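For reference, work-v2.tsv is printed below; it contains TSV, C-alpha atoms.
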chain	number	residue	atom	x	y	z
A	1	MET	CA	-26.02	-43.30	256.99
A	2	ARG	CA	-24.46	-43.00	253.56
A	3	LYS	CA	-26.44	-45.99	252.26
A	4	ALA	CA	-29.63	-44.39	253.55
A	5	GLU	CA	-28.80	-41.16	251.72
A	6	GLU	CA	-28.02	-43.04	248.51
A	7	GLY	CA	-31.27	-44.97	248.83
A	8	SER	CA	-33.19	-41.74	249.34
A	9	GLU	CA	-31.58	-40.18	246.26
A	10	THR	CA	-32.35	-43.25	244.17
A	11	LEU	CA	-35.97	-43.10	245.29
A	12	ARG	CA	-36.16	-39.39	244.43
A	13	ILE	CA	-34.79	-40.01	240.92
A	14	TRP	CA	-37.19	-42.92	240.42
A	15	LYS	CA	-40.18	-40.79	241.46
A	16	ALA	CA	-39.11	-37.92	239.18
A	17	ASP	CA	-38.64	-40.32	236.27
A	18	THR	CA	-42.04	-41.91	236.89
A	19	GLU	CA	-43.70	-38.49	237.09
A	20	GLU	CA	-42.08	-37.42	233.83
A	21	LYS	CA	-43.19	-40.59	232.04
A	22	ASN	CA	-46.75	-40.09	233.26
A	23	LEU	CA	-46.73	-36.49	232.03
A	24	ILE	CA	-45.37	-37.56	228.63
A	25	ARG	CA	-48.05	-40.22	228.29
A	26	ARG	CA	-50.86	-37.81	229.21
A	27	ALA	CA	-49.45	-35.00	227.05
A	28	THR	CA	-49.20	-37.36	224.06
A	29	ARG	CA	-52.91	-38.05	224.49
A	30	GLY	CA	-53.68	-34.34	224.26
A	31	ASN	CA	-53.81	-33.34	227.91
A	32	ARG	CA	-52.81	-29.67	227.86
A	33	LYS	CA	-52.26	-29.42	231.60
A	34	ALA	CA	-49.83	-32.34	231.49
A	35	ALA	CA	-48.06	-30.78	228.50
A	36	GLY	CA	-47.65	-27.51	230.38
A	37	GLU	CA	-46.30	-29.27	233.46
A	38	LEU	CA	-43.92	-31.34	231.34
A	39	LEU	CA	-42.44	-28.35	229.57
A	40	GLY	CA	-42.32	-26.45	232.84
A	41	LEU	CA	-39.82	-29.00	234.12
A	42	TYR	CA	-37.33	-27.88	231.47
A	43	TYR	CA	-38.19	-24.23	230.79
A	44	ARG	CA	-35.38	-22.61	232.81
A	45	GLU	CA	-32.84	-25.13	231.61
A	46	MET	CA	-33.72	-24.67	227.94
A	47	TYR	CA	-33.90	-20.90	228.29
A	48	ALA	CA	-30.37	-20.93	229.74
A	49	PHE	CA	-29.26	-23.22	226.91
A	50	CYS	CA	-30.57	-20.71	224.34
A	51	TYR	CA	-29.40	-17.60	226.15
A	52	ARG	CA	-25.79	-18.80	226.35
A	53	GLN	CA	-25.83	-19.07	222.57
A	54	VAL	CA	-27.68	-15.89	221.53
A	55	MET	CA	-26.98	-13.63	224.56
A	56	ASP	CA	-30.25	-11.79	224.17
A	57	ARG	CA	-33.21	-12.27	226.53
A	58	GLU	CA	-35.99	-11.75	224.00
A	59	GLU	CA	-34.38	-13.94	221.36
A	60	ALA	CA	-33.66	-16.64	223.94
A	61	MET	CA	-37.30	-16.58	225.03
A	62	ASP	CA	-38.48	-16.83	221.42
A	63	LEU	CA	-36.16	-19.75	220.74
A	64	THR	CA	-37.27	-21.51	223.91
A	65	GLN	CA	-40.88	-21.20	222.80
A	66	GLU	CA	-40.00	-22.53	219.34
A	67	ILE	CA	-38.25	-25.50	220.90
A	68	PHE	CA	-41.26	-26.37	223.05
A	69	VAL	CA	-43.67	-25.97	220.14
A	70	SER	CA	-41.53	-28.41	218.16
A	71	VAL	CA	-41.36	-30.76	221.16
A	72	LEU	CA	-45.15	-30.88	221.42
A	73	ARG	CA	-45.59	-31.37	217.68
A	74	ASN	CA	-43.18	-34.30	217.72
A	75	LEU	CA	-44.02	-35.74	221.12
A	76	SER	CA	-45.69	-38.83	219.65
A	77	SER	CA	-42.40	-39.76	217.97
A	78	TYR	CA	-40.40	-39.67	221.21
A	79	CYS	CA	-38.94	-43.06	222.17
A	80	ALA	CA	-37.83	-43.46	225.78
A	81	GLU	CA	-35.76	-46.52	224.85
A	82	LYS	CA	-33.67	-44.44	222.46
A	83	ALA	CA	-32.88	-41.38	224.57
A	84	SER	CA	-33.88	-39.60	227.75
A	85	PHE	CA	-36.53	-36.91	227.33
A	86	ARG	CA	-34.02	-34.26	228.41
A	87	THR	CA	-31.47	-35.32	225.77
A	88	TRP	CA	-34.23	-35.49	223.14
A	89	ILE	CA	-35.23	-31.89	223.89
A	90	TYR	CA	-31.62	-30.76	223.58
A	91	ALA	CA	-31.35	-32.46	220.19
A	92	ILE	CA	-34.44	-30.58	218.99
A	93	GLY	CA	-33.11	-27.33	220.42
A	94	SER	CA	-29.75	-27.75	218.74
A	95	ARG	CA	-31.38	-28.38	215.37
A	96	LEU	CA	-33.55	-25.27	215.68
A	97	LEU	CA	-30.57	-23.10	216.59
A	98	ILE	CA	-28.60	-24.45	213.66
A	99	ASP	CA	-31.52	-23.99	211.24
A	100	ARG	CA	-31.85	-20.37	212.33
A	101	TYR	CA	-28.23	-19.44	211.72
A	102	ARG	CA	-26.83	-21.72	209.07
A	103	SER	CA	-26.50	-20.67	205.43
A	104	ALA	CA	-29.58	-21.24	203.31
A	105	SER	CA	-27.37	-22.51	200.50
A	106	PHE	CA	-26.12	-25.51	202.49
A	107	ARG	CA	-27.83	-28.51	200.85
A	108	ALA	CA	-28.66	-31.87	202.40
A	109	SER	CA	-26.68	-33.70	199.72
A	110	GLN	CA	-23.58	-31.73	200.63
A	111	LYS	CA	-24.08	-32.52	204.31
A	112	THR	CA	-24.31	-36.23	203.71
A	113	GLU	CA	-21.16	-36.25	201.59
A	114	TYR	CA	-19.26	-34.14	204.10
A	115	PHE	CA	-20.25	-36.30	207.05
A	116	SER	CA	-19.12	-39.51	205.38
A	117	SER	CA	-15.71	-38.01	204.57
A	118	TYR	CA	-14.67	-37.83	208.24
A	119	PRO	CA	-12.17	-40.43	209.46
A	120	GLU	CA	-13.21	-42.03	212.72
A	121	GLU	CA	-9.97	-41.72	214.70
A	122	GLU	CA	-10.13	-39.26	217.55
A	123	PRO	CA	-7.91	-36.20	217.03
A	124	PRO	CA	-5.50	-35.22	219.77
A	125	GLY	CA	-6.77	-32.90	222.45
A	126	SER	CA	-6.16	-32.02	226.07
A	127	VAL	CA	-8.34	-31.38	229.08
A	128	GLU	CA	-6.61	-28.01	229.52
A	129	ALA	CA	-7.46	-26.92	225.97
A	130	GLU	CA	-11.07	-28.03	226.36
A	131	ASN	CA	-11.43	-26.22	229.68
A	132	ALA	CA	-9.92	-23.07	228.18
A	133	LEU	CA	-12.47	-23.11	225.36
A	134	GLU	CA	-15.39	-23.58	227.74
A	135	ALA	CA	-14.03	-20.81	229.97
A	136	ALA	CA	-13.88	-18.49	226.96
A	137	LEU	CA	-17.57	-19.19	226.32
A	138	GLU	CA	-18.36	-17.81	229.76
A	139	LYS	CA	-17.05	-14.38	228.71
A	140	LYS	CA	-19.42	-12.41	226.55
A	141	GLU	CA	-16.71	-10.74	224.47
A	142	THR	CA	-15.14	-14.03	223.40
A	143	ALA	CA	-18.32	-16.12	223.36
A	144	ARG	CA	-19.75	-14.16	220.41
A	145	ALA	CA	-16.61	-14.80	218.38
A	146	ILE	CA	-16.67	-18.51	219.21
A	147	LEU	CA	-20.34	-18.83	218.30
A	148	GLN	CA	-19.70	-17.09	215.01
A	149	LEU	CA	-16.94	-19.58	214.24
A	150	LEU	CA	-19.20	-22.45	215.30
A	151	SER	CA	-21.87	-21.33	212.83
A	152	ARG	CA	-19.39	-22.01	210.01
A	153	GLU	CA	-19.15	-25.69	210.93
A	154	GLU	CA	-21.41	-28.23	209.25
A	155	PRO	CA	-24.71	-28.88	211.10
A	156	LEU	CA	-23.98	-32.26	212.65
A	157	SER	CA	-20.77	-31.05	214.30
A	158	GLN	CA	-22.60	-27.93	215.48
A	159	ALA	CA	-25.32	-30.06	217.06
A	160	ILE	CA	-22.79	-32.23	218.87
A	161	PHE	CA	-20.80	-29.23	220.12
A	162	ARG	CA	-23.93	-27.39	221.30
A	163	MET	CA	-25.31	-30.42	223.12
A	164	LYS	CA	-21.96	-31.14	224.79
A	165	VAL	CA	-20.91	-27.63	225.78
A	166	PHE	CA	-24.21	-25.81	226.27
A	167	GLY	CA	-26.40	-28.76	227.23
A	168	GLN	CA	-23.82	-30.68	229.30
A	169	ASN	CA	-24.89	-33.93	227.66
A	170	THR	CA	-22.44	-36.85	227.69
A	171	PHE	CA	-20.96	-38.25	224.48
A	172	ARG	CA	-23.04	-41.38	224.97
A	173	GLU	CA	-26.27	-39.40	225.40
A	174	ILE	CA	-25.54	-37.35	222.28
A	175	GLY	CA	-24.75	-40.45	220.27
A	176	THR	CA	-27.99	-42.09	221.36
A	177	ALA	CA	-30.06	-39.00	220.53
A	178	LEU	CA	-28.44	-38.51	217.13
A	179	SER	CA	-28.15	-42.22	216.26
A	180	LEU	CA	-24.36	-42.08	216.06
A	181	PRO	CA	-21.60	-44.24	217.55
A	182	GLU	CA	-20.06	-42.65	220.63
A	183	SER	CA	-16.65	-42.71	218.93
A	184	THR	CA	-18.02	-40.66	216.04
A	185	VAL	CA	-19.52	-38.12	218.42
A	186	LYS	CA	-16.17	-37.73	220.18
A	187	THR	CA	-14.30	-37.36	216.88
A	188	ARG	CA	-16.60	-34.63	215.60
A	189	TYR	CA	-16.65	-32.80	218.91
A	190	TYR	CA	-12.86	-32.68	219.25
A	191	ARG	CA	-12.45	-31.69	215.60
A	192	THR	CA	-14.88	-28.81	216.03
A	193	ALA	CA	-13.23	-27.67	219.27
A	194	ALA	CA	-9.77	-27.84	217.70
A	195	SER	CA	-10.93	-25.91	214.63
A	196	ILE	CA	-12.45	-23.16	216.77
A	197	ARG	CA	-9.36	-22.91	218.99
A	198	LYS	CA	-7.16	-22.60	215.90
A	199	GLU	CA	-9.29	-19.84	214.43
A	200	MET	CA	-9.42	-17.99	217.77
A	201	LEU	CA	-5.64	-17.66	217.71
A	202	HIS	CA	-5.93	-15.54	214.55
A	203	LEU	CA	-8.64	-13.21	215.85
Go ahead and express the file in the form of structure tokens.
Amino acid sequence: MRKAEEGSETLRIWKADTEEKNLIRRATRGNRKAAGELLGLYYREMYAFCYRQVMDREEAMDLTQEIFVSVLRNLSSYCAEKASFRTWIYAIGSRLLIDRYRSASFRASQKTEYFSSYPEEEPPGSVEAENALEAALEKKETARAILQLLSREEPLSQAIFRMKVFGQNTFREIGTALSLPESTVKTRYYRTAASIRKEMLHL
């Protein structure tokens, strides 16, 4: 019975994956109906992703639309071998959220230098501390403070944190989408989480 259920679930996933690939192929060729169906698969998920970070319905809707516009503009550059379509959308969404809120004075040359200065060893952390931070993000009064602190981090660490916490992507998926080693993704995520927890203690 269990094997039959597992086989049925595998078949369902295969069909969904095949349907998505067909929609991507047709949308890339300019089929508007296929594009609408493709984005419809992820609308609620991406809206929730945005809403948890801005906590405003209208702004979340606007951001969701911006994300999908960017997805359609860049659809021809999507590579299924590099990342799943879902993870690719989250990467685009994270970049748009960061671009909207980061300081205009932060230059690309500074980002590159800052990224390369990180050591690769993973900082200490605990499951309890991580769970406490994610629980705090579920409460509106503390979530705003955490998001404000997150906006002070450099863009790459923001993207990783957003994709992990708000998008529920795995470290491996994030690394694939951002072209980073999984160890680097983990290092930056735990550093960002630790930095935010430390600052929260002083609020």
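Closest approach to A:Tyr51 among A:Glu141, A:Thr64, A:Arg152, A:Val69: A:Thr64, based on only C-alpha atoms.
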Practice prompt. Extract, using all atoms listed in the file, all DNA, RNA and protein residues at most 7 Å from A:Phe49, discarding same-chain residues fewer than 4 positions from it, and format them as a PyMOL selection string.
Written response: chain A and resi 45+53+166-167
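When all atoms listed in the file are used to compute distances to A:Asn74, the closest of the residues A:Ala27, A:Ala135, A:Arg100, A:Arg44 turns out to be A:Ala27.
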Worksheet item: In Å, with one decimal, what is the gap from atom CA of A:Leu38 to atom CA of A:Arg162?
Response: 22.7 Å
Item to complete: Extract, using all atoms listed in the file, all DNA, RNA and protein residues at most 9 Å from A:Ile146, discarding same-chain residues fewer than 4 positions from it, and format them as a ChimeraX atom specification.
Response: /A:133,136-137,142,150-151,196-197,199-200
Item to complete: Show which residues sit within 7 Å of A:Val185, as a VMD selection string. Count only C-alpha atoms, and ignore same-chain residues fewer than 3 positions away.
Response: chain A and resid 160 171 175 180 to 182 188 to 189
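Checking A:Ala91, A:Leu201, A:Leu41, A:Leu97 one by one against A:Ala60, counting all atoms listed in the file, you find the shortest gap at A:Leu97.
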Practice prompt. Go through A:Leu156, A:Ile67, A:Ala177, A:Leu39 and flag the residue nearest A:Glu81, using only C-alpha atoms for the distances.
Written response: A:Ala177
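A straight line drawn from atom CA of A:Val165 to atom CA of A:Glu134 is 7.1 Å long.
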Discussion item. Rounded to one decimal, what separation in Å do you get between atom CA of A:Gly40 and atom CA of A:Leu96?
Written reply: 19.3 Å
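Of the residues listed (A:Arg32, A:Lys139, A:Arg144, A:Lys21), A:Lys21 shows the shortest atom-to-atom separation from A:Phe85; distances use all atoms listed in the file.
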Discussion item. Applying 12 Å and only C-alpha atoms, which residues near A:Gly30 remain after dropping the ones on its own chain fewer than 6 positions away? List them as a VMD selection string.
Written reply: chain A and resid 23 to 24 36 72 to 73 75 to 76
Selected residues written out, C-alpha atoms, as a compact mmCIF listing (two decimals), in the coordinates of the input:
# COMPACT_ATOMS: atom_id res chain seq x y z
CA LEU A 23 -46.73 -36.49 232.03
CA ILE A 24 -45.37 -37.56 228.63
CA GLY A 36 -47.65 -27.51 230.38
CA LEU A 72 -45.15 -30.88 221.42
CA ARG A 73 -45.59 -31.37 217.68
CA LEU A 75 -44.02 -35.74 221.12
CA SER A 76 -45.69 -38.83 219.65
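Proximity to A:Ser94 was assessed for A:Glu58, A:Ser195, A:Glu66, A:Thr18 counting all atoms listed in the file; the smallest distance is recorded for A:Glu66.
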Quick one: what's the axis-aligned box for stretch 164-182 of chain A, all listed atoms, 3 Å on every side, centre and edges in Å to one decimal, as AutoDock Vina command-line options?
--center_x -25.1 --center_y -35.0 --center_z 222.7 --size_x 16.0 --size_y 24.4 --size_z 19.2
